[in-house]
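Below is the file model-v7.pdb, which contains PDB, C-alpha atoms and all ligand atoms.
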ATOM      1  CA  MET U   1       6.226 -25.027   2.144
ATOM      2  CA  GLY U   2       6.607 -22.161   4.604
ATOM      3  CA  VAL U   3       4.992 -18.760   4.522
ATOM      4  CA  GLU U   4       4.910 -16.218   1.690
ATOM      5  CA  ILE U   5       3.831 -12.647   2.286
ATOM      6  CA  TYR U   6       3.083 -10.612  -0.832
ATOM      7  CA  TYR U   7       3.183  -6.863  -0.225
ATOM      8  CA  PHE U   8       2.761  -3.510  -1.990
ATOM      9  CA  SER U   9       4.110  -0.415  -0.251
ATOM     10  CA  GLY U  10       4.561   3.201  -1.380
ATOM     11  CA  THR U  11       5.774   4.879   1.778
ATOM     12  CA  GLY U  12       7.011   1.958   3.852
ATOM     13  CA  ASN U  13       4.192   1.253   6.330
ATOM     14  CA  THR U  14       3.220  -1.999   4.613
ATOM     15  CA  LEU U  15       6.827  -3.086   4.087
ATOM     16  CA  HIS U  16       7.511  -2.394   7.764
ATOM     17  CA  VAL U  17       4.519  -4.553   8.792
ATOM     18  CA  ALA U  18       5.676  -7.284   6.376
ATOM     19  CA  ARG U  19       9.166  -7.225   7.922
ATOM     20  CA  GLU U  20       7.756  -7.299  11.445
ATOM     21  CA  LEU U  21       5.632 -10.354  10.588
ATOM     22  CA  LYS U  22       8.660 -12.050   8.997
ATOM     23  CA  ARG U  23      10.609 -11.409  12.210
ATOM     24  CA  ARG U  24       7.865 -13.105  14.224
ATOM     25  CA  ILE U  25       6.940 -16.022  11.925
ATOM     26  CA  PRO U  26       9.693 -18.546  11.037
ATOM     27  CA  GLU U  27      10.327 -19.521   7.399
ATOM     28  CA  THR U  28       8.648 -16.412   5.997
ATOM     29  CA  THR U  29       9.588 -14.989   2.607
ATOM     30  CA  LEU U  30       8.551 -11.490   1.555
ATOM     31  CA  ILE U  31       7.605 -11.031  -2.096
ATOM     32  CA  SER U  32       6.907  -7.737  -3.838
ATOM     33  CA  ILE U  33       3.581  -7.611  -5.679
ATOM     34  CA  ILE U  34       5.047  -5.164  -8.221
ATOM     35  CA  GLY U  35       7.909  -7.612  -8.921
ATOM     36  CA  ALA U  36       5.601 -10.651  -9.011
ATOM     37  CA  LEU U  37       3.286  -8.976 -11.533
ATOM     38  CA  LYS U  38       6.139  -8.867 -14.061
ATOM     39  CA  LYS U  39       6.043 -12.663 -14.290
ATOM     40  CA  GLU U  40       3.791 -14.412 -16.759
ATOM     41  CA  LYS U  41       2.389 -16.608 -13.952
ATOM     42  CA  ILE U  42       2.508 -16.132 -10.173
ATOM     43  CA  GLU U  43       2.885 -19.590  -8.689
ATOM     44  CA  SER U  44       3.423 -20.290  -5.015
ATOM     45  CA  GLU U  45       4.552 -23.355  -3.076
ATOM     46  CA  ALA U  46       3.787 -21.895   0.335
ATOM     47  CA  GLU U  47       1.482 -23.445   2.891
ATOM     48  CA  ILE U  48       0.488 -20.038   4.266
ATOM     49  CA  ILE U  49       0.010 -17.077   1.913
ATOM     50  CA  GLY U  50      -0.535 -13.499   3.095
ATOM     51  CA  VAL U  51      -1.394 -10.410   1.054
ATOM     52  CA  ILE U  52      -0.741  -7.061   2.678
ATOM     53  CA  PHE U  53      -1.459  -3.604   1.305
ATOM     54  CA  PRO U  54      -2.322   0.032   2.101
ATOM     55  CA  ILE U  55      -5.879   1.312   1.751
ATOM     56  CA  HIS U  56      -6.368   3.482  -1.354
ATOM     57  CA  ALA U  57      -9.735   5.238  -1.647
ATOM     58  CA  HIS U  58     -11.263   2.992   1.052
ATOM     59  CA  THR U  59     -10.282  -0.261  -0.658
ATOM     60  CA  PHE U  60      -7.238  -2.253  -1.830
ATOM     61  CA  PRO U  61      -4.993  -0.650  -4.482
ATOM     62  CA  LEU U  62      -5.614  -1.551  -8.124
ATOM     63  CA  VAL U  63      -2.257  -3.386  -8.415
ATOM     64  CA  VAL U  64      -3.390  -5.660  -5.578
ATOM     65  CA  LYS U  65      -6.572  -6.426  -7.506
ATOM     66  CA  GLU U  66      -4.445  -7.346 -10.529
ATOM     67  CA  PHE U  67      -2.276  -9.566  -8.301
ATOM     68  CA  LEU U  68      -5.251 -11.351  -6.686
ATOM     69  CA  LYS U  69      -6.610 -12.205 -10.114
ATOM     70  CA  LYS U  70      -3.261 -13.577 -11.280
ATOM     71  CA  VAL U  71      -1.881 -15.488  -8.283
ATOM     72  CA  ASP U  72      -2.169 -19.261  -8.067
ATOM     73  CA  LEU U  73      -3.099 -20.145  -4.479
ATOM     74  CA  GLN U  74      -3.355 -23.913  -4.814
ATOM     75  CA  SER U  75      -0.483 -24.747  -2.453
ATOM     76  CA  ALA U  76      -1.932 -22.750   0.457
ATOM     77  CA  SER U  77      -3.911 -24.319   3.279
ATOM     78  CA  TYR U  78      -4.289 -20.893   4.924
ATOM     79  CA  ILE U  79      -4.677 -17.435   3.346
ATOM     80  CA  PHE U  80      -4.744 -14.100   5.136
ATOM     81  CA  ALA U  81      -5.134 -10.464   4.069
ATOM     82  CA  LEU U  82      -4.001  -7.433   6.029
ATOM     83  CA  SER U  83      -4.507  -3.727   5.369
ATOM     84  CA  THR U  84      -2.190  -1.100   6.816
ATOM     85  CA  ARG U  85      -5.037   1.289   7.606
ATOM     86  CA  LEU U  86      -8.288   0.682   9.393
ATOM     87  CA  CYS U  87     -11.009  -0.100   6.874
ATOM     88  CA  VAL U  88     -14.490  -1.552   6.500
ATOM     89  CA  ASP U  89     -14.844  -5.348   6.335
ATOM     90  CA  LYS U  90     -16.288  -4.995   2.843
ATOM     91  CA  VAL U  91     -12.693  -4.555   1.616
ATOM     92  CA  PHE U  92     -12.060  -8.187   2.580
ATOM     93  CA  SER U  93     -15.369  -9.406   1.121
ATOM     94  CA  ALA U  94     -14.282  -7.756  -2.132
ATOM     95  CA  ILE U  95     -11.065  -9.823  -1.964
ATOM     96  CA  ASN U  96     -13.140 -12.966  -1.408
ATOM     97  CA  LYS U  97     -15.239 -12.111  -4.451
ATOM     98  CA  ILE U  98     -12.073 -12.345  -6.578
ATOM     99  CA  LEU U  99     -10.751 -15.465  -4.811
ATOM    100  CA  LYS U 100     -14.069 -17.322  -5.047
ATOM    101  CA  LYS U 101     -13.456 -17.549  -8.793
ATOM    102  CA  LYS U 102     -10.520 -19.816  -7.818
ATOM    103  CA  ASP U 103     -12.677 -21.669  -5.228
ATOM    104  CA  ARG U 104     -10.819 -20.003  -2.365
ATOM    105  CA  ILE U 105     -11.584 -17.447   0.351
ATOM    106  CA  ILE U 106      -9.353 -15.810   2.959
ATOM    107  CA  ASP U 107      -9.116 -17.539   6.342
ATOM    108  CA  ALA U 108      -8.249 -14.382   8.242
ATOM    109  CA  SER U 109      -8.418 -10.628   7.722
ATOM    110  CA  PHE U 110      -6.687  -7.909   9.724
ATOM    111  CA  ALA U 111      -6.634  -4.109   9.577
ATOM    112  CA  VAL U 112      -3.926  -2.269  11.495
ATOM    113  CA  ASN U 113      -3.609   1.440  12.080
ATOM    114  CA  THR U 114      -0.503   3.132  10.639
ATOM    115  CA  PRO U 115       0.242   6.797   9.823
ATOM    116  CA  VAL U 116      -1.515   8.357   6.849
ATOM    117  CA  ASN U 117       0.625   9.461   3.888
ATOM    118  CA  TYR U 118      -2.000  11.144   1.695
ATOM    119  CA  VAL U 119      -0.697  14.729   1.833
ATOM    120  CA  PRO U 120      -3.295  16.378  -0.437
ATOM    121  CA  PHE U 121      -6.112  15.545   2.014
ATOM    122  CA  PHE U 122      -4.628  14.849   5.435
ATOM    123  CA  ALA U 123      -2.254  16.542   7.852
ATOM    124  CA  ILE U 124       0.893  14.502   8.482
ATOM    125  CA  LEU U 125       1.242  13.163  12.041
ATOM    126  CA  SER U 126       3.883  14.439  14.455
ATOM    127  CA  GLU U 127       6.840  12.188  15.369
ATOM    128  CA  LYS U 128       5.248  11.598  18.768
ATOM    129  CA  GLU U 129       1.967  10.457  17.214
ATOM    130  CA  VAL U 130       3.861   8.175  14.821
ATOM    131  CA  MET U 131       5.681   6.588  17.812
ATOM    132  CA  ARG U 132       2.397   6.104  19.659
ATOM    133  CA  LEU U 133       0.874   4.261  16.685
ATOM    134  CA  GLU U 134       4.042   2.154  16.359
ATOM    135  CA  GLU U 135       3.779   0.985  19.985
ATOM    136  CA  LYS U 136       0.161  -0.095  19.461
ATOM    137  CA  LEU U 137       1.117  -1.759  16.181
ATOM    138  CA  GLN U 138       3.776  -3.914  17.856
ATOM    139  CA  THR U 139       1.217  -5.265  20.370
ATOM    140  CA  ARG U 140      -1.345  -5.921  17.626
ATOM    141  CA  LEU U 141       1.247  -7.723  15.487
ATOM    142  CA  ASP U 142       1.985 -10.107  18.383
ATOM    143  CA  GLU U 143      -1.721 -11.047  18.406
ATOM    144  CA  ILE U 144      -1.826 -11.357  14.609
ATOM    145  CA  GLN U 145       1.289 -13.565  14.588
ATOM    146  CA  ALA U 146      -0.353 -15.973  17.069
ATOM    147  CA  ILE U 147      -3.506 -16.200  14.919
ATOM    148  CA  ILE U 148      -1.514 -16.837  11.727
ATOM    149  CA  SER U 149       0.902 -19.343  13.284
ATOM    150  CA  ASN U 150      -2.058 -21.349  14.656
ATOM    151  CA  LYS U 151      -3.886 -20.994  11.331
ATOM    152  CA  GLN U 152      -6.965 -19.687  13.106
ATOM    153  CA  THR U 153      -9.901 -18.155  11.297
ATOM    154  CA  SER U 154     -10.395 -14.561  12.361
ATOM    155  CA  TYR U 155     -12.199 -11.748  10.566
ATOM    156  CA  GLU U 156     -12.290  -7.974  10.900
ATOM    157  CA  ARG U 157     -15.854  -6.911  11.630
ATOM    158  CA  THR U 158     -16.953  -3.305  11.291
ATOM    159  CA  GLY U 159     -20.612  -3.723  12.306
ATOM    160  CA  LEU U 160     -23.697  -1.827  11.196
ATOM    161  CA  LEU U 161     -22.030   1.575  10.801
ATOM    162  CA  GLY U 162     -19.294   0.017   8.645
ATOM    163  CA  PHE U 163     -21.939  -1.759   6.576
ATOM    164  CA  LEU U 164     -23.911   1.453   6.030
ATOM    165  CA  LEU U 165     -20.804   3.479   5.190
ATOM    166  CA  ALA U 166     -19.424   0.799   2.867
ATOM    167  CA  ASN U 167     -22.641   0.711   0.868
ATOM    168  CA  THR U 168     -23.193   4.453   0.576
ATOM    169  CA  LEU U 169     -20.598   7.191   1.041
ATOM    170  CA  LEU U 170     -17.436   5.068   0.775
ATOM    171  CA  ARG U 171     -18.721   3.125  -2.215
ATOM    172  CA  PHE U 172     -19.477   6.344  -4.077
ATOM    173  CA  SER U 173     -16.144   7.855  -3.041
ATOM    174  CA  THR U 174     -14.148   4.776  -4.180
ATOM    175  CA  PHE U 175     -16.008   4.807  -7.489
ATOM    176  CA  MET U 176     -15.253   8.499  -8.044
ATOM    177  CA  PHE U 177     -11.554   8.225  -7.094
ATOM    178  CA  GLN U 178     -10.980   5.201  -9.330
ATOM    179  CA  LYS U 179     -13.068   6.498 -12.239
ATOM    180  CA  THR U 180     -11.338   9.899 -12.302
ATOM    181  CA  GLY U 181      -7.816   8.578 -11.503
ATOM    182  CA  TYR U 182      -7.836  10.341  -8.124
ATOM    183  CA  PHE U 183      -9.256  13.452  -9.776
ATOM    184  CA  GLY U 184      -6.421  13.691 -12.295
ATOM    185  CA  LEU U 185      -3.668  13.190  -9.720
ATOM    186  CA  GLN U 186      -1.129  11.652 -12.087
ATOM    187  CA  LYS U 187      -1.221  14.771 -14.268
ATOM    188  CA  ALA U 188      -1.029  17.064 -11.252
ATOM    189  CA  PHE U 189       2.418  16.164  -9.895
ATOM    190  CA  TYR U 190       5.224  18.652 -10.524
ATOM    191  CA  ALA U 191       8.633  19.518  -9.064
ATOM    192  CA  ASP U 192       9.102  23.071  -7.807
ATOM    193  CA  ASP U 193      12.369  25.036  -7.739
ATOM    194  CA  LYS U 194      13.593  23.253  -4.592
ATOM    195  CA  CYS U 195      14.410  20.255  -6.838
ATOM    196  CA  ILE U 196      18.140  19.449  -6.723
ATOM    197  CA  GLY U 197      18.015  16.858  -9.509
ATOM    198  CA  CYS U 198      19.012  13.967  -7.220
ATOM    199  CA  GLY U 199      17.001  11.368  -9.186
ATOM    200  CA  THR U 200      15.388   9.699  -6.148
ATOM    201  CA  CYS U 201      11.893  10.120  -7.626
ATOM    202  CA  GLU U 202      12.931   8.447 -10.902
ATOM    203  CA  LYS U 203      14.542   5.492  -9.071
ATOM    204  CA  ILE U 204      11.679   4.972  -6.649
ATOM    205  CA  CYS U 205       8.630   5.372  -8.916
ATOM    206  CA  LEU U 206       6.857   2.020  -8.755
ATOM    207  CA  SER U 207       5.397   2.404 -12.236
ATOM    208  CA  ASN U 208       8.530   3.887 -13.879
ATOM    209  CA  LYS U 209       6.430   6.892 -14.810
ATOM    210  CA  ILE U 210       9.074   9.442 -13.804
ATOM    211  CA  GLU U 211      12.071  10.373 -15.941
ATOM    212  CA  LEU U 212      14.706  13.014 -15.270
ATOM    213  CA  VAL U 213      15.027  15.429 -18.189
ATOM    214  CA  ASP U 214      17.655  18.172 -17.802
ATOM    215  CA  ASN U 215      17.895  17.164 -14.113
ATOM    216  CA  LYS U 216      14.186  17.712 -13.449
ATOM    217  CA  PRO U 217      11.502  15.027 -13.245
ATOM    218  CA  ILE U 218       8.750  14.691 -15.778
ATOM    219  CA  TRP U 219       5.744  12.369 -15.260
ATOM    220  CA  LYS U 220       5.265  10.437 -18.522
ATOM    221  CA  GLU U 221       1.654  10.632 -19.691
ATOM    222  CA  ASN U 222       1.573   7.230 -21.401
ATOM    223  CA  ILE U 223       2.285   5.282 -18.176
ATOM    224  CA  ASP U 224      -0.294   4.721 -15.434
ATOM    225  CA  CYS U 225       0.485   5.767 -11.872
ATOM    226  CA  THR U 226       0.031   3.234  -9.041
ATOM    227  CA  TYR U 227      -0.755   6.214  -6.738
ATOM    228  CA  CYS U 228       1.834   4.802  -4.340
ATOM    229  CA  PHE U 229       3.007   8.279  -3.191
ATOM    230  CA  ALA U 230       6.645   7.202  -3.058
ATOM    231  CA  CYS U 231       7.803  10.142  -5.219
ATOM    232  CA  ILE U 232       6.167  12.918  -3.230
ATOM    233  CA  SER U 233       6.981  11.302   0.118
ATOM    234  CA  TYR U 234      10.673  10.424  -0.406
ATOM    235  CA  CYS U 235      11.846  13.551  -2.289
ATOM    236  CA  PRO U 236      14.608  14.817   0.028
ATOM    237  CA  SER U 237      13.887  18.475  -0.835
ATOM    238  CA  ILE U 238      10.073  18.306  -0.439
ATOM    239  CA  ALA U 239      10.076  19.635  -4.007
ATOM    240  CA  ILE U 240       7.258  17.467  -5.393
ATOM    241  CA  GLN U 241       3.825  19.050  -5.200
ATOM    242  CA  VAL U 242       0.290  18.359  -6.381
ATOM    243  CA  LYS U 243      -1.177  21.247  -8.407
ATOM    244  CA  GLY U 244      -4.050  23.000  -6.707
ATOM    245  CA  LYS U 245      -3.761  21.020  -3.457
ATOM    246  CA  ARG U 246      -1.609  23.368  -1.326
ATOM    247  CA  THR U 247       0.943  20.606  -0.641
ATOM    248  CA  THR U 248       3.677  23.290  -0.516
ATOM    249  CA  LYS U 249       2.716  24.140   3.046
ATOM    250  CA  LYS U 250       2.582  20.568   4.314
ATOM    251  CA  GLY U 251       5.146  18.098   5.615
ATOM    252  CA  ARG U 252       5.693  14.623   4.183
ATOM    253  CA  TYR U 253       5.539  11.160   5.683
ATOM    254  CA  HIS U 254       7.358   7.923   5.020
ATOM    255  CA  HIS U 255       8.047   5.158   7.509
ATOM    256  CA  PRO U 256      11.166   6.167   9.486
ATOM    257  CA  LEU U 257      12.833   2.729   9.104
ATOM    258  CA  ILE U 258      12.128   2.227   5.415
ATOM    259  CA  LYS U 259      14.559   3.871   2.987
ATOM    260  CA  ALA U 260      13.971   4.937  -0.624
ATOM    261  CA  GLU U 261      16.114   1.959  -1.797
ATOM    262  CA  ASP U 262      13.830  -0.471   0.077
ATOM    263  CA  ILE U 263      10.813   0.890  -1.808
ATOM    264  CA  ALA U 264      12.654   0.826  -5.162
ATOM    265  CA  GLU U 265      13.642  -2.838  -4.562
ATOM    266  CA  GLN U 266      10.008  -3.815  -5.116
ATOM    267  CA  LYS U 267      10.625  -3.384  -8.838
ATOM    268  CA  LEU U 268      13.373  -6.038  -8.961
TER     269      LEU U 268
HETATM  270  C1  LIG U 301      -3.698   7.298  -3.161
HETATM  271  C2  LIG U 301      -3.913   7.050  -1.686
HETATM  272  C3  LIG U 301      -5.199   6.876  -1.199
HETATM  273  C4  LIG U 301      -5.395   6.658   0.164
HETATM  274  N1  LIG U 301      -6.672   6.456   0.614
HETATM  275  C5  LIG U 301      -6.863   6.190   1.915
HETATM  276  C6  LIG U 301      -8.179   5.945   2.406
HETATM  277  O1  LIG U 301      -9.156   5.931   1.672
HETATM  278  N2  LIG U 301      -8.339   5.711   3.740
HETATM  279  C7  LIG U 301      -7.268   5.693   4.606
HETATM  280  O2  LIG U 301      -7.463   5.468   5.788
HETATM  281  N3  LIG U 301      -6.003   5.905   4.168
HETATM  282  C8  LIG U 301      -5.780   6.143   2.850
HETATM  283  N4  LIG U 301      -4.510   6.347   2.400
HETATM  284  C9  LIG U 301      -3.378   6.243   3.345
HETATM  285  C10 LIG U 301      -2.629   4.914   3.273
HETATM  286  O3  LIG U 301      -3.516   3.810   3.175
HETATM  287  C11 LIG U 301      -1.759   4.677   4.523
HETATM  288  O4  LIG U 301      -0.971   5.768   4.840
HETATM  289  C12 LIG U 301      -0.919   3.404   4.336
HETATM  290  O5  LIG U 301      -0.447   2.982   5.583
HETATM  291  C13 LIG U 301       0.272   3.624   3.416
HETATM  292  O6  LIG U 301       0.980   2.428   3.286
HETATM  293  P1  LIG U 301       2.396   2.372   2.580
HETATM  294  O7  LIG U 301       3.293   3.286   3.388
HETATM  295  O8  LIG U 301       2.827   0.955   2.674
HETATM  296  O9  LIG U 301       2.211   2.843   1.184
HETATM  297  C14 LIG U 301      -4.277   6.583   1.046
HETATM  298  C15 LIG U 301      -3.006   6.775   0.536
HETATM  299  C16 LIG U 301      -2.808   6.984  -0.821
HETATM  300  C17 LIG U 301      -1.420   7.175  -1.325
HETATM  301  S1  LIG U 302      13.511  13.485  -5.691
HETATM  302 FE1  LIG U 302      12.981  15.658  -5.490
HETATM  303  S2  LIG U 302      14.945  16.720  -5.569
HETATM  304 FE2  LIG U 302      15.323  14.655  -6.334
HETATM  305  S3  LIG U 302      15.044  14.846  -8.584
HETATM  306 FE3  LIG U 302      13.061  14.234  -7.752
HETATM  307  S4  LIG U 302      11.977  16.166  -7.400
HETATM  308 FE4  LIG U 302      14.131  16.688  -7.660
HETATM  309  S1  LIG U 303       4.370   8.917 -10.083
HETATM  310 FE1  LIG U 303       4.667   8.938  -7.876
HETATM  311  S2  LIG U 303       2.726   8.177  -7.069
HETATM  312 FE2  LIG U 303       2.768   7.612  -9.252
HETATM  313  S3  LIG U 303       3.648   5.544  -9.309
HETATM  314 FE3  LIG U 303       5.354   6.982  -9.553
HETATM  315  S4  LIG U 303       6.129   7.267  -7.467
HETATM  316 FE4  LIG U 303       4.080   6.381  -7.280
END
When written as structure tokens, how does the structure in this file appear?
Amino acid sequence: MGVEIYYFSGTGNTLHVARELKRRIPETTLISIIGALKKEKIESEAEIIGVIFPIHAHTFPLVVKEFLKKVDLQSASYIFALSTRLCVDKVFSAINKILKKKDRIIDASFAVNTPVNYVPFFAILSEKEVMRLEEKLQTRLDEIQAIISNKQTSYERTGLLGFLLANTLLRFSTFMFQKTGYFGLQKAFYADDKCIGCGTCEKICLSNKIELVDNKPIWKENIDCTYCFACISYCPSIAIQVKGKRTTKKGRYHHPLIKAEDIAEQKL
């Protein structure tokens, strides 16, 4: 019985939201999707099951897809999904498409706005802007908690513009990002000479793709990246860069309350 929230988080926004929901909803357990995927079967005994994740290329991350296919949801009388970026409602219909194969659909969907971490494309927000989003988030999470605790149905709706975008530009963009592995991103990471050999990137990498060799990280080619952005975002020296993307001149973002160890714990 109780509530189980499954989460995947690279830079802490999703873990922060998971913790804030746990604080508001009694008898809630947080479970890492990365950890759960190591098990042969993912079985739950919870009455309420939530899945929360960042948006990657306008949809849910590939590890979340893997999780949704594997999880047994039989015990749940209420299922919700929450993304930690605003997104089109098609993201949640895509989740339903997977769950329908188990004769289930989500009872509620939510999208909350949190700071962007994707350094190659976006500028990182100032501390003030991060605080402003956090204040709004707290109010929204109070509303979300009430909906979940009362097991209400409630769906994100993005209207005609969302529908048109989801079926044209975003669909093409998602396809291209996933097909090309974010345009070769996992082969484009490198550490510049600011690296102090601290090993944080190796410890935190959610796919164990990074190994320290002679006190410098290498990204192993035979292991797939989850594109979580933990390495580039938590390096204390801002030494990790993406080739050809001018990341050297940009700041980095991770949630101010979530430490590198909290992210690494997802692997346990
Ligand atoms: C590989 C990657 C792709 C992303 N794609 C999008 C996107 O398409 N749209 C968007 O709004 N944010 C995108 N983001 C930003 C994250 O969804 C956002 O910062 C999220 O809150 C991060 O959550 P986390 O800190 O729990 O990892 C992307 C981030 C990464 C790392
Ligand atoms: S986290 Fe940064 S400084 Fe530490 S080993 Fe990795 S690249 Fe070097
Ligand atoms: S290499 Fe970086 S982005 Fe890829 S899984 Fe490891 S920590 Fe995440």
### Task
Taking all atoms listed in the file into account, report as a ChimeraX atom specification which residues have an atom no farther than 6 Å from an atom of ligand LIG 302 (chain U).
/U:191,195-201,216-217,235-237,239-240
### Message
Here's the selection I'm unsure about, the PyMOL selection byres (((not hetatm)) within 7 of (chain U and resi 301)); applied to the file above, which residues does it give, as number ranges by chain?
### Response
U: 8-15, 53-59, 84-87, 114-118, 227-229, 254-255
#### Entry: Residue contacts of U:Ala36 (10 Å, all atoms listed in the file) excluding same-chain residues fewer than 2 positions away, as a list of chain:residue names
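My list of contacting residues is U:Tyr6, U:Tyr7, U:Ile31, U:Ser32, U:Ile33, U:Ile34, U:Lys38, U:Lys39, U:Glu40, U:Lys41, U:Ile42, U:Glu43, U:Phe67, U:Lys70, U:Val71, U:Gln266, U:Lys267, U:Leu268.
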Export of the given selection (C-alpha atoms) as a short mmCIF file (atom, residue, chain, number, x, y, z; two decimals), keeping the file's coordinate frame:
data_model
loop_
_atom_site.label_atom_id
_atom_site.label_comp_id
_atom_site.auth_asym_id
_atom_site.auth_seq_id
_atom_site.Cartn_x
_atom_site.Cartn_y
_atom_site.Cartn_z
CA TYR U 6 3.08 -10.61 -0.83
CA TYR U 7 3.18 -6.86 -0.22
CA ILE U 31 7.60 -11.03 -2.10
CA SER U 32 6.91 -7.74 -3.84
CA ILE U 33 3.58 -7.61 -5.68
CA ILE U 34 5.05 -5.16 -8.22
CA LYS U 38 6.14 -8.87 -14.06
CA LYS U 39 6.04 -12.66 -14.29
CA GLU U 40 3.79 -14.41 -16.76
CA LYS U 41 2.39 -16.61 -13.95
CA ILE U 42 2.51 -16.13 -10.17
CA GLU U 43 2.88 -19.59 -8.69
CA PHE U 67 -2.28 -9.57 -8.30
CA LYS U 70 -3.26 -13.58 -11.28
CA VAL U 71 -1.88 -15.49 -8.28
CA GLN U 266 10.01 -3.82 -5.12
CA LYS U 267 10.62 -3.38 -8.84
CA LEU U 268 13.37 -6.04 -8.96
#
### Length of the atom CA of U:Val91 to atom CA of U:Leu68 vector [Å]
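That distance, rounded to one decimal, is 13.1 Å.
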### Query
Which residues fall under the PyMOL selection byres (((not hetatm)) within 7 of (chain U and resi 303)) in this file, as a list in words?
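Those residues are Gly10, Gln186, Cys201, Ile204, Cys205, Leu206, Ser207, Asn208, Lys209, Ile210, Trp219, Cys225, Thr226, Tyr227, Cys228, Phe229, Ala230, Cys231 and Ile232 of chain U.
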Save the residues we just selected, C-alpha atoms, as a PDB file, in the frame of the given file?
ATOM      1  CA  GLY U  10       4.561   3.201  -1.380  1.00  0.00           C
ATOM      2  CA  GLN U 186      -1.129  11.652 -12.087  1.00  0.00           C
ATOM      3  CA  CYS U 201      11.893  10.120  -7.626  1.00  0.00           C
ATOM      4  CA  ILE U 204      11.679   4.972  -6.649  1.00  0.00           C
ATOM      5  CA  CYS U 205       8.630   5.372  -8.916  1.00  0.00           C
ATOM      6  CA  LEU U 206       6.857   2.020  -8.755  1.00  0.00           C
ATOM      7  CA  SER U 207       5.397   2.404 -12.236  1.00  0.00           C
ATOM      8  CA  ASN U 208       8.530   3.887 -13.879  1.00  0.00           C
ATOM      9  CA  LYS U 209       6.430   6.892 -14.810  1.00  0.00           C
ATOM     10  CA  ILE U 210       9.074   9.442 -13.804  1.00  0.00           C
ATOM     11  CA  TRP U 219       5.744  12.369 -15.260  1.00  0.00           C
ATOM     12  CA  CYS U 225       0.485   5.767 -11.872  1.00  0.00           C
ATOM     13  CA  THR U 226       0.031   3.234  -9.041  1.00  0.00           C
ATOM     14  CA  TYR U 227      -0.755   6.214  -6.738  1.00  0.00           C
ATOM     15  CA  CYS U 228       1.834   4.802  -4.340  1.00  0.00           C
ATOM     16  CA  PHE U 229       3.007   8.279  -3.191  1.00  0.00           C
ATOM     17  CA  ALA U 230       6.645   7.202  -3.058  1.00  0.00           C
ATOM     18  CA  CYS U 231       7.803  10.142  -5.219  1.00  0.00           C
ATOM     19  CA  ILE U 232       6.167  12.918  -3.230  1.00  0.00           C
TER      20      ILE U 232
END
### Message
Once the PyMOL selection byres (((chain U and resi 93) around 12) and not hetatm) is applied to the coordinates I shared, what remains selected? I want it as a list of chain:residue names.
### Response
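Applied to this file, the PyMOL selection byres (((chain U and resi 93) around 12) and not hetatm) selects U:Thr59, U:Phe60, U:Ala81, U:Cys87, U:Val88, U:Asp89, U:Lys90, U:Val91, U:Phe92, U:Ala94, U:Ile95, U:Asn96, U:Lys97, U:Ile98, U:Leu99, U:Lys100, U:Ile105, U:Ile106, U:Asp107, U:Ala108, U:Ser109, U:Tyr155, U:Glu156, U:Arg157, U:Thr158, U:Phe163, U:Ala166.
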### Task
Take the point (8.4, -17.2, 5.6) as written in the file and pick out every residue within 8 Å of it, counting all atoms listed in the file; give the list as a PyMOL selection string.
chain U and resi 2-5+22+25-30
### Task
Tell me, in Å to one decimal, how far atom CA of U:Ser77 is from atom CA of U:Lys102.
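Those two atoms sit 13.7 Å apart.
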### Message
Here is a test: counting only C-alpha atoms, which residue of U:Asn113, U:Leu185, U:Glu66, U:Gly251 is nearest to U:Thr139?
### Response
U:Asn113
### Query
With distances taken over all atoms listed in the file, which of U:Ala123, U:Ala188, U:Ile263, U:Leu160 is nearest to U:Lys220?
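Of the candidates, the smallest distance to U:Lys220 is held by U:Ala188.
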#### Entry: Residue nearest U:Pro256 among U:Val130, U:Val51, U:Val63, U:Ile144 (counting only C-alpha atoms)
U:Val130
### Message
I'd like the contact shell of U:Leu82 - 6 Å cut-off, only C-alpha atoms, skipping same-chain residues fewer than 2 positions apart - returned as number ranges by chain.
### Response
U: 52, 109-111
### Task
Enter the distance from atom CA of U:Tyr234 to atom CA of U:Ala260, in Å, rounded to one decimal.
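Atom-to-atom, atom CA of U:Tyr234 to atom CA of U:Ala260, that is 6.4 Å.
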### Message
Here is a test: counting all atoms listed in the file, which residue of U:Ser75, U:Thr180, U:Ser149, U:Ser233 is nearest to U:Arg252?
### Response
U:Ser233
### Task
Using all atoms listed in the file, give me every residue within 7 Å of (3.7, 20.0, -11.7) in file coordinates, as an MDAnalysis selection string.
chainID U and resid 188:191 241:243
Missing atoms of stretch 144-149 of chain U rebuilt to N, CA and C atoms, written as a PDB file, in the frame of the given file:
ATOM      1  N   ILE U 144      -1.627 -10.875  15.984  1.00  0.00           N
ATOM      2  CA  ILE U 144      -1.826 -11.357  14.609  1.00  0.00           C
ATOM      3  C   ILE U 144      -0.910 -12.555  14.317  1.00  0.00           C
ATOM      4  N   GLN U 145       0.331 -12.454  14.786  1.00  0.00           N
ATOM      5  CA  GLN U 145       1.289 -13.565  14.588  1.00  0.00           C
ATOM      6  C   GLN U 145       0.738 -14.860  15.192  1.00  0.00           C
ATOM      7  N   ALA U 146       0.171 -14.768  16.401  1.00  0.00           N
ATOM      8  CA  ALA U 146      -0.353 -15.973  17.069  1.00  0.00           C
ATOM      9  C   ALA U 146      -1.498 -16.576  16.247  1.00  0.00           C
ATOM     10  N   ILE U 147      -2.364 -15.716  15.725  1.00  0.00           N
ATOM     11  CA  ILE U 147      -3.506 -16.200  14.919  1.00  0.00           C
ATOM     12  C   ILE U 147      -2.998 -16.904  13.647  1.00  0.00           C
ATOM     13  N   ILE U 148      -2.024 -16.263  12.989  1.00  0.00           N
ATOM     14  CA  ILE U 148      -1.514 -16.837  11.727  1.00  0.00           C
ATOM     15  C   ILE U 148      -0.767 -18.153  12.007  1.00  0.00           C
ATOM     16  N   SER U 149       0.110 -18.135  13.008  1.00  0.00           N
ATOM     17  CA  SER U 149       0.902 -19.343  13.284  1.00  0.00           C
ATOM     18  C   SER U 149       0.022 -20.528  13.653  1.00  0.00           C
TER      19      SER U 149
END
